[in-house]
Amino acid sequence: MSRHTKLLERILLGTADANIPFEGLCHLLQRLGFQMRIRGDHYIFFRAGVEEILNLQPRGSHAKPYQVKQVRHVILKYRLAEELP
């Protein structure tokens with residue numbers, strides 16, 4: 001099982017939203033086909049076919065819990081977990 005798959009499972013479980021590494025979350029979104037744009041400390045993710053734009057900011061080395069919840073919602077809504085190789 002790859003580290004991206006393990007991270008995806010942790011995000012989908014929703015039990016450790018405060019302990020998701022920010023860099024890992026960014027890499028996971030890119031593997032799911034999102035394009036990234038950086039503006040200051042704002043990491044903006046967008047993808048064709050996905051209506052929502054994800055605007056993430058690090059809190060230290062971890063992602064903010066409410067933003068992890070937004071990512072989980074998008075992954076579930078568009079069934080993106082099925083696309084991870």
# chains A, B, ... in the order shown; residues from 1 in each chain; ligands from 1
call {"tool": "select_by_dssp", "arguments": {"residues": "chain A", "states": "strand (DSSP E or B)", "output": "list in words"}}
result
Pro21, Gln35, Met36, Arg37, Ile38, Arg39, His42, Tyr43, Ile44, Phe45, Phe46, Leu54, Asn55, Leu56, Pro58, Arg59, His62 and Ala63 of chain A
call {"tool": "write_last_selection", "arguments": {"atoms": "all heavy atoms", "output": "short mmCIF file (atom, residue, chain, number, x, y, z; two decimals), in the first residue's frame"}}
result
data_model
loop_
_atom_site.label_atom_id
_atom_site.label_comp_id
_atom_site.auth_asym_id
_atom_site.auth_seq_id
_atom_site.Cartn_x
_atom_site.Cartn_y
_atom_site.Cartn_z
N PRO A 21 -0.47 15.80 7.18
CA PRO A 21 0.63 16.66 6.75
C PRO A 21 0.25 17.47 5.52
O PRO A 21 -0.33 16.94 4.56
CB PRO A 21 1.77 15.69 6.45
CG PRO A 21 1.15 14.35 6.35
CD PRO A 21 -0.16 14.39 7.07
N GLN A 35 -4.62 20.77 -10.48
CA GLN A 35 -3.52 21.67 -10.78
C GLN A 35 -3.36 22.61 -9.61
O GLN A 35 -4.34 22.98 -8.95
CB GLN A 35 -3.80 22.44 -12.06
CG GLN A 35 -3.86 21.56 -13.28
CD GLN A 35 -4.14 22.37 -14.53
OE1 GLN A 35 -3.84 23.55 -14.60
NE2 GLN A 35 -4.74 21.73 -15.51
N MET A 36 -2.12 23.01 -9.33
CA MET A 36 -1.84 23.85 -8.17
C MET A 36 -1.31 25.20 -8.61
O MET A 36 -0.50 25.29 -9.53
CB MET A 36 -0.82 23.17 -7.26
CG MET A 36 -0.46 23.97 -6.04
SD MET A 36 0.65 23.11 -4.90
CE MET A 36 2.16 23.05 -5.85
N ARG A 37 -1.78 26.22 -7.93
CA ARG A 37 -1.27 27.58 -8.12
C ARG A 37 -0.97 28.13 -6.72
O ARG A 37 -1.77 27.94 -5.80
CB ARG A 37 -2.33 28.43 -8.82
CG ARG A 37 -1.81 29.74 -9.34
CD ARG A 37 -2.89 30.47 -10.09
NE ARG A 37 -3.81 31.01 -9.08
CZ ARG A 37 -5.08 31.28 -9.32
NH1 ARG A 37 -5.61 31.04 -10.49
NH2 ARG A 37 -5.84 31.77 -8.37
N ILE A 38 0.16 28.78 -6.56
CA ILE A 38 0.55 29.31 -5.24
C ILE A 38 0.53 30.83 -5.29
O ILE A 38 1.10 31.44 -6.18
CB ILE A 38 1.95 28.81 -4.83
CG1 ILE A 38 1.99 27.29 -4.79
CG2 ILE A 38 2.35 29.41 -3.48
CD1 ILE A 38 3.37 26.72 -4.56
N ARG A 39 -0.13 31.41 -4.31
CA ARG A 39 -0.21 32.86 -4.19
C ARG A 39 0.05 33.18 -2.73
O ARG A 39 -0.83 33.05 -1.89
CB ARG A 39 -1.59 33.32 -4.63
CG ARG A 39 -1.69 34.76 -4.77
CD ARG A 39 -2.04 35.41 -5.98
NE ARG A 39 -2.23 34.86 -7.28
CZ ARG A 39 -2.12 35.63 -8.33
NH1 ARG A 39 -1.79 36.88 -8.17
NH2 ARG A 39 -2.32 35.16 -9.52
N HIS A 42 -1.15 30.78 0.15
CA HIS A 42 -2.37 30.14 -0.31
C HIS A 42 -2.03 29.18 -1.46
O HIS A 42 -1.46 29.59 -2.47
CB HIS A 42 -3.39 31.16 -0.81
CG HIS A 42 -3.93 32.02 0.27
ND1 HIS A 42 -5.20 31.86 0.79
CD2 HIS A 42 -3.40 33.05 0.95
CE1 HIS A 42 -5.39 32.75 1.74
NE2 HIS A 42 -4.31 33.48 1.85
N TYR A 43 -2.38 27.93 -1.28
CA TYR A 43 -2.19 26.92 -2.31
C TYR A 43 -3.58 26.65 -2.89
O TYR A 43 -4.46 26.14 -2.20
CB TYR A 43 -1.61 25.64 -1.71
CG TYR A 43 -0.17 25.80 -1.27
CD1 TYR A 43 0.16 26.59 -0.17
CD2 TYR A 43 0.85 25.16 -1.94
CE1 TYR A 43 1.47 26.74 0.24
CE2 TYR A 43 2.17 25.30 -1.55
CZ TYR A 43 2.47 26.08 -0.46
OH TYR A 43 3.77 26.23 -0.06
N ILE A 44 -3.76 27.01 -4.15
CA ILE A 44 -5.07 26.93 -4.78
C ILE A 44 -5.08 25.75 -5.74
O ILE A 44 -4.23 25.65 -6.62
CB ILE A 44 -5.39 28.25 -5.50
CG1 ILE A 44 -5.33 29.40 -4.49
CG2 ILE A 44 -6.75 28.19 -6.19
CD1 ILE A 44 -5.21 30.76 -5.10
N PHE A 45 -6.04 24.85 -5.55
CA PHE A 45 -6.15 23.64 -6.36
C PHE A 45 -7.44 23.69 -7.17
O PHE A 45 -8.50 24.01 -6.63
CB PHE A 45 -6.14 22.40 -5.47
CG PHE A 45 -4.82 22.16 -4.80
CD1 PHE A 45 -4.55 22.72 -3.57
CD2 PHE A 45 -3.85 21.40 -5.41
CE1 PHE A 45 -3.33 22.51 -2.95
CE2 PHE A 45 -2.63 21.20 -4.81
CZ PHE A 45 -2.37 21.75 -3.58
N PHE A 46 -7.34 23.35 -8.45
CA PHE A 46 -8.51 23.31 -9.31
C PHE A 46 -8.35 22.16 -10.29
O PHE A 46 -7.23 21.70 -10.56
CB PHE A 46 -8.70 24.64 -10.04
CG PHE A 46 -7.50 25.09 -10.83
CD1 PHE A 46 -7.38 24.80 -12.17
CD2 PHE A 46 -6.48 25.79 -10.21
CE1 PHE A 46 -6.27 25.20 -12.89
CE2 PHE A 46 -5.36 26.20 -10.92
CZ PHE A 46 -5.26 25.90 -12.27
N LEU A 54 -10.26 24.54 -4.28
CA LEU A 54 -9.74 24.32 -2.93
C LEU A 54 -8.62 25.30 -2.65
O LEU A 54 -7.62 25.33 -3.36
CB LEU A 54 -9.24 22.88 -2.79
CG LEU A 54 -10.30 21.80 -3.00
CD1 LEU A 54 -9.65 20.43 -3.11
CD2 LEU A 54 -11.30 21.82 -1.85
N ASN A 55 -8.79 26.09 -1.61
CA ASN A 55 -7.81 27.08 -1.19
C ASN A 55 -7.25 26.61 0.14
O ASN A 55 -7.93 26.69 1.16
CB ASN A 55 -8.46 28.45 -1.09
CG ASN A 55 -7.48 29.54 -0.76
OD1 ASN A 55 -6.30 29.29 -0.57
ND2 ASN A 55 -7.98 30.76 -0.67
N LEU A 56 -6.01 26.11 0.15
CA LEU A 56 -5.42 25.54 1.36
C LEU A 56 -4.28 26.40 1.86
O LEU A 56 -3.56 27.01 1.06
CB LEU A 56 -4.90 24.13 1.07
CG LEU A 56 -5.87 23.15 0.43
CD1 LEU A 56 -5.19 21.82 0.19
CD2 LEU A 56 -7.11 22.97 1.28
N PRO A 58 -1.11 26.19 5.00
CA PRO A 58 -0.52 25.35 6.05
C PRO A 58 -0.67 25.97 7.43
O PRO A 58 -0.74 27.19 7.58
CB PRO A 58 0.95 25.28 5.64
CG PRO A 58 1.19 26.53 4.88
CD PRO A 58 -0.11 26.85 4.19
N ARG A 59 -0.75 25.12 8.41
CA ARG A 59 -0.66 25.54 9.82
C ARG A 59 0.53 24.77 10.37
O ARG A 59 0.41 23.62 10.76
CB ARG A 59 -1.92 25.20 10.60
CG ARG A 59 -1.78 25.55 12.08
CD ARG A 59 -3.00 25.20 12.87
NE ARG A 59 -4.06 26.18 12.59
CZ ARG A 59 -5.32 26.00 12.90
NH1 ARG A 59 -5.70 24.89 13.46
NH2 ARG A 59 -6.20 26.93 12.62
N HIS A 62 1.24 20.97 9.19
CA HIS A 62 -0.01 20.24 8.97
C HIS A 62 -1.03 21.11 8.24
O HIS A 62 -0.92 22.34 8.22
CB HIS A 62 -0.59 19.79 10.31
CG HIS A 62 0.22 18.72 10.96
ND1 HIS A 62 1.19 19.01 11.89
CD2 HIS A 62 0.23 17.38 10.80
CE1 HIS A 62 1.74 17.88 12.29
NE2 HIS A 62 1.19 16.88 11.63
N ALA A 63 -2.02 20.46 7.66
CA ALA A 63 -3.13 21.17 7.02
C ALA A 63 -4.14 21.57 8.10
O ALA A 63 -4.24 20.92 9.15
CB ALA A 63 -3.79 20.27 6.00
#
call {"tool": "residues_around", "arguments": {"residues": "Ile75 (chain A)", "least_positions_apart": "5", "cutoff": "10 Å", "atoms": "only C-alpha atoms", "output": "JSON, numbers by chain"}}
result
{"A": [8, 11, 12, 29, 32, 50, 69, 70, 80, 81, 82]}
call {"tool": "write_last_selection", "arguments": {"atoms": "C-alpha atoms", "output": "CSV table (one decimal), in the first residue's frame"}}
result
chain,number,residue,atom,x,y,z
A,8,LEU,CA,-6.3,9.0,1.4
A,11,ILE,CA,-8.6,11.6,5.1
A,12,LEU,CA,-11.7,9.6,4.2
A,29,LEU,CA,-4.4,16.4,-4.7
A,32,LEU,CA,-5.8,13.1,-8.2
A,50,VAL,CA,-14.8,19.8,-10.3
A,69,LYS,CA,-12.8,18.3,5.7
A,70,GLN,CA,-13.4,20.4,2.5
A,80,LEU,CA,-12.0,10.8,-6.9
A,81,ALA,CA,-10.7,8.1,-4.6
A,82,GLU,CA,-11.5,5.5,-7.3
call {"tool": "atom_distance", "arguments": {"atom1": "CA of Phe22 (chain A)", "atom2": "CA of Ser61 (chain A)"}}
result
5.9 Å
call {"tool": "residues_around", "arguments": {"residues": "Gly14 (chain A)", "least_positions_apart": "2", "cutoff": "12 Å", "atoms": "only C-alpha atoms", "output": "list in words"}}
result
Leu7, Leu8, Glu9, Arg10, Ile11, Leu12, Ala16, Asp17, Ala18, Asn19, Ile20, Pro65, Tyr66, Gln67, Val68, Lys69, Gln70, Val71, Arg72, His73 and Leu76 of chain A
call {"tool": "write_last_selection", "arguments": {"atoms": "N, CA, C and O atoms", "output": "mmCIF file, in the first residue's frame"}}
result
data_model
loop_
_atom_site.group_PDB
_atom_site.id
_atom_site.type_symbol
_atom_site.label_atom_id
_atom_site.label_comp_id
_atom_site.auth_asym_id
_atom_site.auth_seq_id
_atom_site.Cartn_x
_atom_site.Cartn_y
_atom_site.Cartn_z
ATOM 1 N N LEU A 7 -2.610 7.870 3.143
ATOM 2 C CA LEU A 7 -3.056 9.230 3.466
ATOM 3 C C LEU A 7 -4.506 9.431 3.046
ATOM 4 O O LEU A 7 -5.302 10.011 3.786
ATOM 5 N N LEU A 8 -4.869 8.917 1.883
ATOM 6 C CA LEU A 8 -6.251 9.029 1.409
ATOM 7 C C LEU A 8 -7.205 8.331 2.381
ATOM 8 O O LEU A 8 -8.262 8.867 2.710
ATOM 9 N N GLU A 9 -6.828 7.170 2.875
ATOM 10 C CA GLU A 9 -7.663 6.448 3.850
ATOM 11 C C GLU A 9 -7.835 7.267 5.126
ATOM 12 O O GLU A 9 -8.930 7.339 5.671
ATOM 13 N N ARG A 10 -6.747 7.891 5.610
ATOM 14 C CA ARG A 10 -6.835 8.711 6.824
ATOM 15 C C ARG A 10 -7.759 9.900 6.607
ATOM 16 O O ARG A 10 -8.531 10.274 7.500
ATOM 17 N N ILE A 11 -7.702 10.502 5.419
ATOM 18 C CA ILE A 11 -8.558 11.648 5.120
ATOM 19 C C ILE A 11 -10.013 11.207 5.056
ATOM 20 O O ILE A 11 -10.896 11.863 5.611
ATOM 21 N N LEU A 12 -10.274 10.082 4.394
ATOM 22 C CA LEU A 12 -11.655 9.613 4.238
ATOM 23 C C LEU A 12 -12.255 9.137 5.551
ATOM 24 O O LEU A 12 -13.466 9.250 5.749
ATOM 25 N N ALA A 16 -8.636 11.975 12.013
ATOM 26 C CA ALA A 16 -7.376 12.651 12.339
ATOM 27 C C ALA A 16 -7.171 13.877 11.462
ATOM 28 O O ALA A 16 -6.081 14.090 10.941
ATOM 29 N N ASP A 17 -8.200 14.697 11.303
ATOM 30 C CA ASP A 17 -8.098 15.851 10.417
ATOM 31 C C ASP A 17 -6.999 16.826 10.843
ATOM 32 O O ASP A 17 -6.408 17.503 10.006
ATOM 33 N N ALA A 18 -6.698 16.907 12.119
ATOM 34 C CA ALA A 18 -5.678 17.840 12.601
ATOM 35 C C ALA A 18 -4.267 17.305 12.397
ATOM 36 O O ALA A 18 -3.295 18.047 12.577
ATOM 37 N N ASN A 19 -4.128 16.039 12.021
ATOM 38 C CA ASN A 19 -2.806 15.423 11.891
ATOM 39 C C ASN A 19 -2.479 15.017 10.464
ATOM 40 O O ASN A 19 -1.721 14.085 10.240
ATOM 41 N N ILE A 20 -3.015 15.720 9.494
ATOM 42 C CA ILE A 20 -2.729 15.433 8.087
ATOM 43 C C ILE A 20 -1.591 16.359 7.649
ATOM 44 O O ILE A 20 -1.729 17.582 7.733
ATOM 45 N N PRO A 65 -7.591 21.620 9.889
ATOM 46 C CA PRO A 65 -8.622 20.572 9.924
ATOM 47 C C PRO A 65 -9.857 20.878 9.079
ATOM 48 O O PRO A 65 -10.382 19.990 8.406
ATOM 49 N N TYR A 66 -10.339 22.119 9.074
ATOM 50 C CA TYR A 66 -11.542 22.420 8.298
ATOM 51 C C TYR A 66 -11.267 22.312 6.804
ATOM 52 O O TYR A 66 -12.172 21.997 6.017
ATOM 53 N N GLN A 67 -10.031 22.549 6.388
ATOM 54 C CA GLN A 67 -9.685 22.412 4.974
ATOM 55 C C GLN A 67 -9.564 20.945 4.573
ATOM 56 O O GLN A 67 -9.905 20.579 3.457
ATOM 57 N N VAL A 68 -9.104 20.097 5.492
ATOM 58 C CA VAL A 68 -9.077 18.652 5.231
ATOM 59 C C VAL A 68 -10.510 18.156 5.037
ATOM 60 O O VAL A 68 -10.778 17.335 4.157
ATOM 61 N N LYS A 69 -11.436 18.685 5.823
ATOM 62 C CA LYS A 69 -12.842 18.313 5.682
ATOM 63 C C LYS A 69 -13.382 18.733 4.318
ATOM 64 O O LYS A 69 -14.138 17.991 3.683
ATOM 65 N N GLN A 70 -12.990 19.906 3.833
ATOM 66 C CA GLN A 70 -13.408 20.353 2.502
ATOM 67 C C GLN A 70 -12.853 19.428 1.423
ATOM 68 O O GLN A 70 -13.566 19.069 0.473
ATOM 69 N N VAL A 71 -11.588 19.015 1.564
ATOM 70 C CA VAL A 71 -10.976 18.101 0.599
ATOM 71 C C VAL A 71 -11.725 16.774 0.615
ATOM 72 O O VAL A 71 -12.033 16.211 -0.444
ATOM 73 N N ARG A 72 -12.046 16.268 1.803
ATOM 74 C CA ARG A 72 -12.783 15.001 1.915
ATOM 75 C C ARG A 72 -14.130 15.103 1.203
ATOM 76 O O ARG A 72 -14.537 14.197 0.474
ATOM 77 N N HIS A 73 -14.815 16.214 1.393
ATOM 78 C CA HIS A 73 -16.121 16.418 0.759
ATOM 79 C C HIS A 73 -15.995 16.366 -0.766
ATOM 80 O O HIS A 73 -16.808 15.721 -1.436
ATOM 81 N N LEU A 76 -15.222 12.746 -1.990
ATOM 82 C CA LEU A 76 -16.402 11.886 -1.937
ATOM 83 C C LEU A 76 -17.452 12.298 -2.961
ATOM 84 O O LEU A 76 -18.059 11.452 -3.612
#
call {"tool": "closest_residue", "arguments": {"among": "A:Glu51, A:Gly33, A:Cys26, A:Leu13", "to": "Pro85 (chain A)", "atoms": "only C-alpha atoms"}}
result
A:Gly33
call {"tool": "select_by_dssp", "arguments": {"residues": "chain A", "states": "helix (DSSP H, G or I)", "output": "PyMOL selection string"}}
result
chain A and resi 3-13+17-19+22-31+65-77+80-83
